[in-house]
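File shown: protein37.txt. Contents: compact mmCIF, C-alpha atoms.
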# COMPACT_ATOMS: atom_id res chain seq x y z
CA MET T 1 25.62 -10.60 45.52
CA ALA T 2 23.39 -13.63 45.27
CA ALA T 3 20.53 -13.24 42.83
CA ASP T 4 16.92 -13.34 44.05
CA ARG T 5 16.17 -16.03 41.49
CA GLN T 6 17.89 -18.57 39.31
CA VAL T 7 15.35 -18.13 36.52
CA VAL T 8 12.96 -15.33 35.68
CA ILE T 9 10.59 -15.69 32.74
CA ILE T 10 8.96 -12.67 31.14
CA GLY T 11 5.73 -13.45 29.31
CA SER T 12 2.85 -15.81 29.90
CA GLY T 13 1.85 -17.24 26.53
CA PRO T 14 2.57 -20.86 25.58
CA ALA T 15 6.34 -20.19 25.42
CA GLY T 16 6.59 -18.56 28.84
CA LEU T 17 4.30 -21.01 30.61
CA THR T 18 6.04 -24.04 29.09
CA ALA T 19 9.39 -22.62 30.18
CA ALA T 20 7.89 -22.17 33.65
CA LEU T 21 6.62 -25.74 33.69
CA TYR T 22 9.98 -27.21 32.71
CA THR T 23 12.11 -25.03 34.97
CA ALA T 24 9.71 -25.69 37.86
CA ARG T 25 10.02 -29.43 37.32
CA ALA T 26 13.81 -28.98 37.26
CA ASN T 27 13.55 -27.44 40.75
CA LEU T 28 14.77 -24.06 39.59
CA ASN T 29 11.97 -22.23 41.41
CA PRO T 30 11.09 -20.00 38.44
CA LEU T 31 9.37 -16.64 38.71
CA LEU T 32 7.15 -15.77 35.77
CA ILE T 33 6.05 -12.18 35.20
CA GLU T 34 2.82 -12.23 33.24
CA GLY T 35 2.81 -8.85 31.54
CA ILE T 36 -0.14 -6.73 30.55
CA GLU T 37 -1.29 -9.01 27.73
CA ALA T 38 -1.28 -11.97 30.11
CA GLY T 39 -1.92 -15.33 28.50
CA GLY T 40 -0.70 -13.99 25.17
CA GLN T 41 -2.38 -14.10 21.82
CA LEU T 42 -4.38 -17.26 22.56
CA MET T 43 -6.44 -15.21 25.01
CA LEU T 44 -7.84 -13.42 21.97
CA THR T 45 -8.85 -16.59 20.13
CA THR T 46 -11.83 -18.87 20.37
CA MET T 47 -11.47 -22.51 19.34
CA VAL T 48 -7.91 -23.71 18.83
CA GLU T 49 -8.09 -26.71 16.51
CA ASN T 50 -4.39 -27.39 15.99
CA TRP T 51 -3.16 -27.94 19.53
CA PRO T 52 -2.21 -31.63 19.50
CA GLY T 53 -4.11 -33.91 21.83
CA PHE T 54 -7.42 -32.08 21.66
CA ARG T 55 -9.29 -33.91 18.94
CA ASP T 56 -12.27 -31.57 19.08
CA GLY T 57 -10.30 -28.41 19.77
CA ILE T 58 -9.99 -26.37 22.92
CA MET T 59 -10.86 -22.75 23.67
CA GLY T 60 -7.72 -20.57 23.67
CA PRO T 61 -8.36 -18.96 27.07
CA ASP T 62 -9.11 -22.38 28.58
CA LEU T 63 -5.88 -23.79 27.21
CA MET T 64 -3.92 -20.92 28.72
CA ALA T 65 -5.65 -21.30 32.10
CA ALA T 66 -4.75 -24.99 32.11
CA MET T 67 -1.11 -24.30 31.18
CA ARG T 68 -0.88 -21.73 33.93
CA GLU T 69 -2.26 -24.12 36.55
CA GLN T 70 -0.02 -26.91 35.34
CA ALA T 71 3.09 -24.73 35.77
CA GLN T 72 1.90 -23.64 39.22
CA ARG T 73 1.28 -27.24 40.25
CA PHE T 74 5.02 -27.83 39.99
CA GLY T 75 5.88 -24.71 41.94
CA ALA T 76 6.28 -22.00 39.34
CA GLN T 77 5.54 -18.63 40.90
CA ILE T 78 3.44 -16.47 38.60
CA ILE T 79 2.99 -12.78 39.30
CA GLU T 80 0.90 -10.14 37.59
CA GLY T 81 2.69 -7.03 36.55
CA ASN T 82 4.66 -5.54 33.77
CA VAL T 83 8.36 -5.25 33.27
CA THR T 84 9.39 -1.64 32.67
CA ALA T 85 13.18 -2.05 32.35
CA VAL T 86 15.90 -4.68 32.36
CA ASN T 87 19.63 -4.52 32.91
CA LEU T 88 21.35 -7.37 31.11
CA ARG T 89 24.77 -5.72 31.16
CA GLU T 90 25.58 -6.70 34.72
CA ARG T 91 25.16 -9.92 36.60
CA PRO T 92 22.94 -10.91 38.14
CA PHE T 93 20.48 -9.45 35.64
CA THR T 94 18.03 -6.89 37.02
CA ILE T 95 14.33 -6.75 36.15
CA ARG T 96 12.30 -3.70 37.13
CA LEU T 97 8.54 -4.07 37.56
CA SER T 98 5.88 -1.44 36.95
CA GLU T 99 5.22 -0.93 40.66
CA GLY T 100 8.90 -0.03 41.13
CA LYS T 101 10.10 -3.35 42.57
CA THR T 102 13.30 -4.90 41.19
CA ILE T 103 14.24 -8.56 40.97
CA THR T 104 17.68 -9.99 40.26
CA THR T 105 18.21 -13.27 38.46
CA ASP T 106 21.02 -15.52 37.21
CA SER T 107 19.20 -16.37 34.00
CA LEU T 108 16.37 -14.86 32.02
CA ILE T 109 13.92 -16.37 29.56
CA ILE T 110 12.31 -13.79 27.30
CA ALA T 111 8.91 -14.90 26.05
CA THR T 112 7.24 -11.54 25.53
CA GLY T 113 5.66 -12.56 22.24
CA ALA T 114 4.33 -10.27 19.60
CA SER T 115 1.39 -7.87 19.43
CA ALA T 116 -0.97 -7.09 16.61
CA ARG T 117 0.26 -4.58 14.06
CA TRP T 118 -1.75 -1.53 13.15
CA LEU T 119 -1.97 0.04 9.72
CA GLU T 120 -0.09 3.10 11.01
CA ILE T 121 -2.18 5.49 8.97
CA GLY T 122 -3.16 7.54 12.00
CA SER T 123 -6.90 7.28 11.61
CA ASP T 124 -6.89 3.55 12.45
CA ARG T 125 -5.38 4.11 15.91
CA ARG T 126 -7.55 7.13 16.57
CA LEU T 127 -10.69 5.07 15.98
CA SER T 128 -9.44 2.12 18.03
CA GLY T 129 -12.31 0.97 20.22
CA HIS T 130 -14.74 2.98 18.10
CA GLY T 131 -14.94 0.68 15.12
CA VAL T 132 -11.33 -0.28 14.45
CA SER T 133 -10.11 -3.41 16.17
CA THR T 134 -7.35 -5.99 16.12
CA CYS T 135 -9.42 -8.58 18.00
CA ALA T 136 -12.42 -10.14 16.28
CA THR T 137 -13.37 -12.31 19.25
CA CYS T 138 -13.36 -9.27 21.52
CA ASP T 139 -15.22 -6.83 19.36
CA GLY T 140 -17.18 -8.74 16.70
CA TYR T 141 -20.25 -8.61 18.89
CA PHE T 142 -20.63 -4.86 18.34
CA PHE T 143 -21.21 -5.31 14.62
CA ARG T 144 -24.34 -7.41 14.51
CA GLY T 145 -26.09 -6.92 11.21
CA LYS T 146 -23.49 -4.40 10.03
CA PRO T 147 -21.01 -4.39 7.14
CA ILE T 148 -17.35 -4.57 8.13
CA ALA T 149 -13.92 -5.13 6.61
CA VAL T 150 -11.01 -7.37 7.49
CA VAL T 151 -7.59 -6.15 6.36
CA GLY T 152 -5.05 -8.87 5.60
CA GLY T 153 -4.59 -12.08 3.63
CA GLY T 154 -3.08 -14.60 6.01
CA ASP T 155 -4.54 -17.35 8.16
CA SER T 156 -5.43 -14.99 11.00
CA ALA T 157 -7.22 -12.66 8.60
CA MET T 158 -9.30 -15.54 7.18
CA GLU T 159 -10.01 -16.88 10.64
CA GLU T 160 -11.23 -13.46 11.73
CA ALA T 161 -13.28 -12.96 8.57
CA ILE T 162 -15.02 -16.31 9.00
CA TYR T 163 -15.63 -15.73 12.69
CA LEU T 164 -17.03 -12.26 12.02
CA THR T 165 -19.67 -13.57 9.60
CA ARG T 166 -21.51 -14.75 12.73
CA PHE T 167 -22.29 -11.13 13.47
CA ALA T 168 -21.73 -8.96 10.44
CA SER T 169 -24.07 -8.59 7.48
CA ARG T 170 -21.09 -8.60 5.11
CA VAL T 171 -17.36 -9.07 5.59
CA THR T 172 -15.08 -7.53 2.96
CA VAL T 173 -11.51 -8.79 2.98
CA ILE T 174 -9.03 -6.19 1.79
CA HIS T 175 -5.70 -7.55 0.70
CA ARG T 176 -2.61 -6.00 -0.89
CA ARG T 177 -2.11 -8.84 -3.38
CA ASP T 178 -4.25 -10.74 -5.85
CA SER T 179 -4.06 -14.01 -3.93
CA LEU T 180 -4.17 -15.00 -0.28
CA ARG T 181 -1.22 -16.02 1.85
CA ALA T 182 -3.54 -18.10 4.04
CA SER T 183 -3.36 -21.90 4.08
CA LYS T 184 -5.45 -23.85 1.56
CA ILE T 185 -7.95 -25.02 4.18
CA MET T 186 -8.58 -21.46 5.43
CA GLN T 187 -8.84 -20.11 1.87
CA ASP T 188 -11.41 -22.75 0.97
CA LYS T 189 -13.46 -21.92 4.04
CA ALA T 190 -13.36 -18.21 3.27
CA PHE T 191 -14.19 -18.57 -0.43
CA ALA T 192 -17.12 -20.87 0.41
CA ASN T 193 -18.61 -18.33 2.81
CA ALA T 194 -21.36 -16.36 1.07
CA LYS T 195 -21.01 -13.42 3.46
CA ILE T 196 -17.35 -12.82 2.58
CA ASP T 197 -16.25 -10.80 -0.42
CA PHE T 198 -12.80 -9.59 -1.45
CA ILE T 199 -11.14 -6.39 -2.61
CA TRP T 200 -7.81 -7.41 -4.12
CA ASP T 201 -4.57 -5.49 -4.77
CA SER T 202 -5.66 -2.78 -2.39
CA GLU T 203 -4.67 -1.04 0.79
CA VAL T 204 -6.58 1.05 3.28
CA VAL T 205 -5.36 4.64 3.22
CA GLU T 206 -7.87 6.18 5.61
CA VAL T 207 -10.54 5.19 8.10
CA LYS T 208 -13.35 7.71 8.40
CA ASP T 209 -14.71 9.47 10.42
CA VAL T 210 -12.25 10.62 13.07
CA GLY T 211 -14.24 13.81 13.65
CA LYS T 212 -17.41 11.89 14.47
CA GLY T 213 -15.55 9.34 16.60
CA GLU T 214 -16.99 6.39 14.75
CA VAL T 215 -16.28 4.37 11.64
CA THR T 216 -18.43 5.35 8.67
CA SER T 217 -16.25 4.22 5.75
CA ILE T 218 -12.76 3.39 4.60
CA VAL T 219 -10.81 4.78 1.69
CA VAL T 220 -9.16 2.00 -0.28
CA ARG T 221 -6.45 2.50 -2.88
CA ASN T 222 -5.96 0.02 -5.69
CA LEU T 223 -2.20 -0.56 -5.83
CA LYS T 224 -2.25 -1.36 -9.55
CA THR T 225 -4.43 1.48 -10.80
CA GLY T 226 -4.01 4.02 -7.98
CA LYS T 227 -7.79 4.45 -7.91
CA LEU T 228 -9.32 5.51 -4.60
CA THR T 229 -12.64 4.04 -3.51
CA ASP T 230 -14.77 4.94 -0.52
CA VAL T 231 -16.29 1.81 1.05
CA PRO T 232 -19.08 2.55 3.53
CA LEU T 233 -19.03 0.25 6.56
CA ASP T 234 -19.25 0.20 10.35
CA GLY T 235 -16.11 -1.60 11.44
CA VAL T 236 -12.57 -2.52 10.42
CA PHE T 237 -10.62 -5.48 11.77
CA ILE T 238 -6.89 -5.36 11.17
CA ALA T 239 -5.11 -8.71 10.75
CA ILE T 240 -1.83 -7.80 9.04
CA GLY T 241 0.53 -9.62 11.34
CA HIS T 242 2.44 -8.82 14.47
CA THR T 243 5.43 -6.94 15.80
CA PRO T 244 7.69 -8.51 18.42
CA ASN T 245 7.58 -7.06 21.91
CA THR T 246 11.28 -6.26 22.21
CA GLU T 247 11.28 -2.56 23.06
CA LEU T 248 12.60 -3.42 26.55
CA PHE T 249 15.67 -5.16 25.20
CA LYS T 250 16.82 -2.75 22.50
CA GLY T 251 20.53 -2.08 22.77
CA GLN T 252 21.09 -4.97 25.16
CA ILE T 253 20.23 -8.03 23.07
CA GLU T 254 20.85 -8.65 19.41
CA LEU T 255 17.68 -8.02 17.38
CA ASP T 256 17.14 -8.54 13.67
CA ALA T 257 16.04 -5.80 11.28
CA ASN T 258 12.38 -6.38 12.18
CA GLY T 259 13.01 -6.28 15.91
CA TYR T 260 12.90 -10.03 16.56
CA ILE T 261 15.42 -11.46 19.03
CA VAL T 262 18.15 -13.40 17.25
CA THR T 263 18.63 -16.88 18.70
CA HIS T 264 21.26 -19.49 17.95
CA ASP T 265 21.89 -23.10 19.05
CA GLY T 266 18.35 -23.47 20.34
CA SER T 267 17.17 -20.57 22.43
CA HIS T 268 20.51 -18.83 23.15
CA THR T 269 20.70 -15.09 22.57
CA ASN T 270 23.97 -13.19 22.18
CA VAL T 271 24.01 -12.63 25.96
CA PRO T 272 24.95 -15.81 27.86
CA GLY T 273 22.26 -16.59 30.41
CA VAL T 274 19.53 -14.86 28.42
CA PHE T 275 17.29 -17.12 26.37
CA ALA T 276 14.34 -16.35 24.10
CA ALA T 277 11.32 -18.43 23.17
CA GLY T 278 8.10 -18.08 21.21
CA ASP T 279 6.98 -15.37 18.84
CA VAL T 280 9.48 -12.83 20.16
CA GLN T 281 12.18 -14.75 18.25
CA ASP T 282 10.08 -16.45 15.58
CA HIS T 283 8.53 -14.72 12.62
CA ILE T 284 8.19 -17.90 10.59
CA TYR T 285 6.18 -20.56 12.42
CA ARG T 286 4.31 -18.48 15.05
CA GLN T 287 2.19 -21.37 16.28
CA ALA T 288 1.10 -22.08 19.84
CA VAL T 289 2.75 -25.48 19.63
CA THR T 290 6.06 -24.16 18.27
CA ALA T 291 6.05 -21.45 20.93
CA ALA T 292 5.52 -24.08 23.62
CA GLY T 293 8.28 -26.21 22.08
CA SER T 294 10.73 -23.33 22.10
CA GLY T 295 9.73 -22.53 25.70
CA CYS T 296 10.78 -26.06 26.61
CA MET T 297 14.08 -25.56 24.76
CA ALA T 298 14.73 -22.32 26.63
CA ALA T 299 14.05 -24.05 29.95
CA ILE T 300 16.52 -26.83 29.16
CA ASP T 301 19.10 -24.35 27.85
CA ALA T 302 18.72 -22.26 31.02
CA GLU T 303 19.11 -25.37 33.16
CA HIS T 304 22.36 -26.29 31.38
CA TYR T 305 23.60 -22.74 31.71
CA LEU T 306 22.88 -22.64 35.45
CA ASP T 307 24.64 -25.99 35.93
CA ASN T 308 27.79 -24.52 34.46
CA ILE T 309 28.03 -21.00 35.89
CA PRO T 310 30.63 -20.41 38.57
CA GLU T 311 29.41 -19.99 42.16
CA ASP T 312 30.13 -16.28 42.43
CA THR T 313 28.99 -14.47 39.32
CA SER T 314 29.29 -10.98 40.77
CA LYS T 315 33.03 -10.66 40.12
CA PRO T 316 33.70 -8.35 37.19
CA GLU T 317 35.98 -10.86 35.43
CA GLN T 318 33.05 -13.23 35.24
CA THR T 319 30.94 -10.75 33.33
CA VAL T 320 30.62 -12.06 29.83
CA VAL T 321 28.64 -9.32 28.10
CA MET V 1 -18.30 -11.70 39.89
CA ALA V 2 -17.99 -8.14 41.11
CA SER V 3 -17.01 -7.53 44.71
CA ASP V 4 -19.32 -5.47 46.92
CA LYS V 5 -17.09 -2.42 46.46
CA ILE V 6 -17.85 -2.42 42.74
CA LYS V 7 -21.06 -0.82 41.56
CA THR V 8 -22.98 -2.78 38.93
CA LEU V 9 -24.15 -0.24 36.40
CA THR V 10 -27.10 -0.81 34.09
CA ASP V 11 -28.95 1.13 31.43
CA SER V 12 -31.54 2.04 34.05
CA ASN V 13 -29.35 3.07 37.01
CA PHE V 14 -26.46 4.61 35.09
CA ASP V 15 -27.44 8.29 35.25
CA GLN V 16 -28.37 8.11 38.90
CA GLU V 17 -25.13 6.35 39.90
CA THR V 18 -22.76 8.49 37.84
CA LYS V 19 -24.23 11.98 38.19
CA SER V 20 -21.83 13.14 40.90
CA GLY V 21 -18.20 12.59 41.75
CA VAL V 22 -15.55 10.67 39.89
CA VAL V 23 -16.66 7.37 38.39
CA LEU V 24 -14.61 4.72 36.59
CA VAL V 25 -16.71 2.49 34.35
CA ASP V 26 -15.38 -0.83 33.05
CA PHE V 27 -17.34 -1.97 29.99
CA TRP V 28 -17.01 -5.74 29.74
CA ALA V 29 -18.63 -9.04 28.74
CA GLU V 30 -18.28 -12.68 29.73
CA TRP V 31 -16.92 -13.68 26.34
CA CYS V 32 -14.14 -11.11 26.30
CA GLY V 33 -10.77 -12.68 27.17
CA PRO V 34 -8.87 -9.44 27.79
CA CYS V 35 -11.71 -8.21 30.04
CA ARG V 36 -10.81 -11.03 32.41
CA ARG V 37 -7.34 -9.52 32.68
CA ILE V 38 -8.69 -6.08 33.58
CA ALA V 39 -11.21 -7.41 36.12
CA PRO V 40 -8.76 -8.01 39.02
CA ILE V 41 -7.18 -4.59 38.43
CA VAL V 42 -10.60 -2.94 38.61
CA GLU V 43 -11.30 -4.83 41.84
CA GLN V 44 -8.04 -3.54 43.34
CA LEU V 45 -8.93 0.01 42.27
CA ALA V 46 -12.31 -0.33 43.97
CA THR V 47 -10.48 -1.01 47.22
CA ASP V 48 -7.83 1.67 46.66
CA TYR V 49 -10.38 4.40 45.88
CA GLU V 50 -13.13 3.39 48.28
CA GLY V 51 -14.92 6.54 49.44
CA ARG V 52 -13.09 8.73 46.91
CA ALA V 53 -14.32 7.47 43.56
CA THR V 54 -17.03 5.13 42.36
CA ILE V 55 -15.76 2.07 40.51
CA GLY V 56 -18.42 0.50 38.33
CA LYS V 57 -18.75 -2.33 35.84
CA MET V 58 -21.22 -2.41 33.00
CA ASN V 59 -21.95 -5.57 31.08
CA VAL V 60 -22.38 -4.67 27.41
CA ASP V 61 -24.42 -7.80 26.72
CA GLU V 62 -27.04 -6.99 29.30
CA ASN V 63 -27.10 -3.25 28.63
CA PRO V 64 -27.55 -2.58 24.94
CA ASN V 65 -28.06 1.18 25.15
CA ILE V 66 -25.64 3.28 27.13
CA PRO V 67 -22.33 1.58 26.18
CA THR V 68 -22.85 1.63 22.44
CA SER V 69 -25.13 4.65 21.98
CA ARG V 70 -23.79 7.13 24.47
CA PHE V 71 -20.14 6.10 24.59
CA GLN V 72 -19.77 4.60 21.09
CA VAL V 73 -18.10 1.56 22.59
CA ARG V 74 -17.12 -0.77 19.74
CA GLY V 75 -14.49 -2.74 21.53
CA ILE V 76 -13.88 -4.05 25.03
CA PRO V 77 -12.35 -3.74 27.47
CA THR V 78 -13.01 -0.02 27.42
CA LEU V 79 -12.69 2.07 30.55
CA VAL V 80 -14.09 5.56 30.94
CA VAL V 81 -13.71 8.12 33.69
CA LEU V 82 -16.63 10.46 34.35
CA LYS V 83 -16.74 13.50 36.59
CA ASP V 84 -20.15 14.70 37.72
CA GLY V 85 -21.65 12.73 34.86
CA LYS V 86 -19.37 14.22 32.22
CA LEU V 87 -17.02 12.02 30.17
CA GLU V 88 -13.40 12.94 30.93
CA GLU V 89 -11.25 9.98 29.86
CA THR V 90 -11.53 6.94 27.59
CA LEU V 91 -9.07 4.07 27.66
CA VAL V 92 -9.43 1.28 25.13
CA GLY V 93 -7.79 -2.09 25.64
CA LEU V 94 -5.47 -3.38 28.32
CA ALA V 95 -3.56 -0.97 30.50
CA PRO V 96 -1.46 -1.32 33.65
CA LYS V 97 -3.09 -0.47 36.96
CA GLU V 98 -0.88 2.62 37.42
CA GLU V 99 -2.13 4.11 34.18
CA ILE V 100 -5.79 3.62 35.09
CA ALA V 101 -5.14 5.01 38.57
CA ARG V 102 -3.52 8.09 37.04
CA LEU V 103 -6.66 8.79 34.98
CA ILE V 104 -8.78 8.62 38.13
CA GLU V 105 -6.35 10.78 40.15
CA LYS V 106 -6.44 13.50 37.48
CA HIS V 107 -10.09 14.20 38.27
CA LEU V 108 -10.24 13.73 42.03
File written out as structure tokens:
Amino acid sequence: MAADRQVVIIGSGPAGLTAALYTARANLNPLLIEGIEAGGQLMLTTMVENWPGFRDGIMGPDLMAAMREQAQRFGAQIIEGNVTAVNLRERPFTIRLSEGKTITTDSLIIATGASARWLEIGSDRRLSGHGVSTCATCDGYFFRGKPIAVVGGGDSAMEEAIYLTRFASRVTVIHRRDSLRASKIMQDKAFANAKIDFIWDSEVVEVKDVGKGEVTSIVVRNLKTGKLTDVPLDGVFIAIGHTPNTELFKGQIELDANGYIVTHDGSHTNVPGVFAAGDVQDHIYRQAVTAAGSGCMAAIDAEHYLDNIPEDTSKPEQTVV
Amino acid sequence: MASDKIKTLTDSNFDQETKSGVVLVDFWAEWCGPCRRIAPIVEQLATDYEGRATIGKMNVDENPNIPTSRFQVRGIPTLVVLKDGKLEETLVGLAPKEEIARLIEKHL
């Protein structure tokens, strides 16, 4: 059976769209399935100041729109929709979409990225949209003149804290350690901001008030003393990192202990013909530019793979998995 | 922005427009990236449910009262389903079209 496609790409952040651009330019007629969080994490940002070539920065959503159009200009087909299941055990690979349609493909590039992590204390999820958020640019607006907290100590947490001072009366950063993980430049910006204060060595154990359906305070535990403190506020922004979107591939692709796809020799996974790019396989760099770079690698790896597969891949003896 | 099948809801027309039948309300704003992803889905739903349910959009910037006071919206996109003016469902964040459609179907 001939596959519908030579290349299917799942995910539409910088990794997926760069893979689409390169495979389109290689005349591989790629199909990219956007997914529900289309455009990826950059859609949740404002000004991106570290994307090379834009001296004065570029808005994240604008950058993604431009990448999308660039890939389409070279013939990449981009469809909305969500992948609900994949079969990577048989060739061609099968991709099932949310509306029930299936697509077969000779090669697959996984660029499903990572999504924001929650505290997993129950009350945070239950108050999602009612004062607890993982997206400062989406929800900061609702906290004009109100005290809020940002949970986390990395670059994203500082970025969110600084951004949120535009709206909030006070931003309290709550961090598990006594120093920040964020880069020096972000730390300096945060420390210099008079609206930002810090609660160190502490974790959030509860967000109140689930019964009322709104955030009234958080209970913070000092990890050194065990002391519990109730901090009254109106909103909580969680910036404690991300989890890779690999649920779809469990049992079919090698994942590491944290659920990231394991890649080797560039973008190769343990299944020949399946490649991974971007945050779904990277818990170290996690930058837009490294994601785009690995998307390019995946495209080139897929191209080499397709050049070398035998004509008829449906014969059982050809199945490599 | 909104197609003619989508009702533009405001603080002043909200009660009148939502008092009977099944109504889906999409709370959104220009500056909200994920809201742009929901918008085409809401437009499709407006076509799919024409004559059966009202599909409305409410800009939270222009309408400071109902979204935040009555529905405690603190994040967007948020979708709610009302039946005869009563709140039945709340969906925060991005969701596939099928899931939103299911919430409407439940109350038809």
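Going from atom CA of T:Ala2 over to atom CA of T:Ile103, you cover 11.3 Å.
Atom pair atom CA of T:Pro92 / atom CA of T:Gln70: separated by 28.1 Å.
Atom CA of T:Leu32 lies 4.7 Å from atom CA of T:Ile78.
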Neighbours of stretch 51-55 of chain V within 7 Å (only C-alpha atoms; same-chain residues fewer than 6 positions away dropped), as a ChimeraX atom specification?
/V:6-7,21-25
Taking only C-alpha atoms into account, what are the residues of chain T at most 9 Å from chain V, put as number ranges by chain?
T: 35-39, 43-45, 61, 81-82, 98-99, 128-133, 135, 137-143, 213-214, 235
Which neighbours of V:Lys83 fall inside 8 Å, counting all atoms listed in the file, when residues of the same chain fewer than 3 positions from it are skipped, and could you give them as an NGL selection string?
:V and (18-23 or 86-88 or 107)
Those same residues - C-alpha atoms - I'd like them written as a JSON list (two decimals), keeping the file's coordinate frame.
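Output file again-v2.json is given in full below:
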[["chain", "number", "residue", "atom", "x", "y", "z"],
["V", 18, "THR", "CA", -22.76, 8.49, 37.84],
["V", 19, "LYS", "CA", -24.23, 11.98, 38.19],
["V", 20, "SER", "CA", -21.83, 13.14, 40.90],
["V", 21, "GLY", "CA", -18.20, 12.59, 41.75],
["V", 22, "VAL", "CA", -15.55, 10.67, 39.89],
["V", 23, "VAL", "CA", -16.66, 7.37, 38.39],
["V", 86, "LYS", "CA", -19.37, 14.22, 32.22],
["V", 87, "LEU", "CA", -17.02, 12.02, 30.17],
["V", 88, "GLU", "CA", -13.40, 12.94, 30.93],
["V", 107, "HIS", "CA", -10.09, 14.20, 38.27]]
Using all atoms listed in the file, which residue out of V:Asp48, V:Asp4, V:Glu17, V:Asp11 lies closest to V:Glu62?
V:Asp11
Please identify all polymer residues within 12 Å of T:His175, counting all atoms listed in the file, omitting same-chain residues fewer than 3 positions from it, and present them as a ChimeraX atom specification.
/T:149-154,157-158,172,178-182,197-204,220-223,238-240
What residues have an atom no more than 10 Å from (-8.0, -19.2, 10.2) in the file's own frame, counting all atoms listed in the file, and can you write them as a short mmCIF file (atom, residue, chain, number, x, y, z; two decimals) with C-alpha atoms, keeping the file's coordinate frame?
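Output (out-v9.cif):
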data_model
loop_
_atom_site.label_atom_id
_atom_site.label_comp_id
_atom_site.auth_asym_id
_atom_site.auth_seq_id
_atom_site.Cartn_x
_atom_site.Cartn_y
_atom_site.Cartn_z
CA VAL T 48 -7.91 -23.71 18.83
CA GLU T 49 -8.09 -26.71 16.51
CA GLY T 154 -3.08 -14.60 6.01
CA ASP T 155 -4.54 -17.35 8.16
CA SER T 156 -5.43 -14.99 11.00
CA ALA T 157 -7.22 -12.66 8.60
CA MET T 158 -9.30 -15.54 7.18
CA GLU T 159 -10.01 -16.88 10.64
CA GLU T 160 -11.23 -13.46 11.73
CA ALA T 161 -13.28 -12.96 8.57
CA ILE T 162 -15.02 -16.31 9.00
CA TYR T 163 -15.63 -15.73 12.69
CA ALA T 182 -3.54 -18.10 4.04
CA SER T 183 -3.36 -21.90 4.08
CA ILE T 185 -7.95 -25.02 4.18
CA MET T 186 -8.58 -21.46 5.43
CA GLN T 187 -8.84 -20.11 1.87
CA LYS T 189 -13.46 -21.92 4.04
CA ALA T 190 -13.36 -18.21 3.27
#
V:Thr10 surroundings by all atoms listed in the file, 7 Å radius, close-in-sequence under 2 positions cut, as an MDAnalysis selection string
chainID V and resid 8 12:14 58 63
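Minimum atom-to-atom distances from V:Tyr49, V:Glu43, V:Ile66, V:Val80 to V:Leu108 were compared using only C-alpha atoms, and the lowest value belongs to V:Tyr49.
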Grab all the atoms of stretch 79-96 of chain V that the file lists, wrap them in a box along x, y and z, add 6 Å per side, and give me centre plus edge lengths in Å (one decimal) as AutoDock Vina command-line options.
--center_x -11.6 --center_y 5.7 --center_z 31.4 --size_x 32.2 --size_y 30.1 --size_z 24.6
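Every protein or nucleic acid residue with an atom no more than 8 Å from T:Asp301, counting only C-alpha atoms and leaving out same-chain residues fewer than 3 positions away, appears here: T:Gly266, T:Ser267, T:His268, T:Phe275, T:Met297, T:Ala298, T:His304, T:Tyr305.
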Taking only C-alpha atoms into account, name the residue in T:Lys250, T:His242, T:Arg55, T:His264 that is nearest to T:Ala114.
T:His242
Can you give me N, CA and C atoms for stretch 25-34 of chain V, written as a PDB file, keeping the file's coordinate frame?
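This went into selection.pdb:
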ATOM      1  N   VAL V  25     -15.813   3.531  34.852  1.00  0.00           N
ATOM      2  CA  VAL V  25     -16.710   2.490  34.350  1.00  0.00           C
ATOM      3  C   VAL V  25     -15.910   1.507  33.495  1.00  0.00           C
ATOM      4  N   ASP V  26     -16.035   0.237  33.810  1.00  0.00           N
ATOM      5  CA  ASP V  26     -15.380  -0.830  33.050  1.00  0.00           C
ATOM      6  C   ASP V  26     -16.455  -1.511  32.199  1.00  0.00           C
ATOM      7  N   PHE V  27     -16.405  -1.300  30.896  1.00  0.00           N
ATOM      8  CA  PHE V  27     -17.340  -1.970  29.990  1.00  0.00           C
ATOM      9  C   PHE V  27     -16.763  -3.345  29.657  1.00  0.00           C
ATOM     10  N   TRP V  28     -17.553  -4.389  29.876  1.00  0.00           N
ATOM     11  CA  TRP V  28     -17.010  -5.740  29.740  1.00  0.00           C
ATOM     12  C   TRP V  28     -18.104  -6.713  29.284  1.00  0.00           C
ATOM     13  N   ALA V  29     -17.690  -7.943  29.007  1.00  0.00           N
ATOM     14  CA  ALA V  29     -18.630  -9.040  28.740  1.00  0.00           C
ATOM     15  C   ALA V  29     -17.962 -10.355  29.100  1.00  0.00           C
ATOM     16  N   GLU V  30     -18.790 -11.349  29.350  1.00  0.00           N
ATOM     17  CA  GLU V  30     -18.280 -12.680  29.730  1.00  0.00           C
ATOM     18  C   GLU V  30     -17.328 -13.251  28.689  1.00  0.00           C
ATOM     19  N   TRP V  31     -17.673 -13.036  27.418  1.00  0.00           N
ATOM     20  CA  TRP V  31     -16.920 -13.680  26.340  1.00  0.00           C
ATOM     21  C   TRP V  31     -15.626 -12.982  25.983  1.00  0.00           C
ATOM     22  N   CYS V  32     -15.306 -11.930  26.670  1.00  0.00           N
ATOM     23  CA  CYS V  32     -14.140 -11.110  26.300  1.00  0.00           C
ATOM     24  C   CYS V  32     -12.922 -11.518  27.137  1.00  0.00           C
ATOM     25  N   GLY V  33     -11.970 -12.197  26.482  1.00  0.00           N
ATOM     26  CA  GLY V  33     -10.770 -12.680  27.170  1.00  0.00           C
ATOM     27  C   GLY V  33      -9.985 -11.579  27.871  1.00  0.00           C
ATOM     28  N   PRO V  34      -9.658 -10.504  27.148  1.00  0.00           N
ATOM     29  CA  PRO V  34      -8.870  -9.440  27.790  1.00  0.00           C
ATOM     30  C   PRO V  34      -9.608  -8.782  28.960  1.00  0.00           C
TER      31      PRO V  34
END
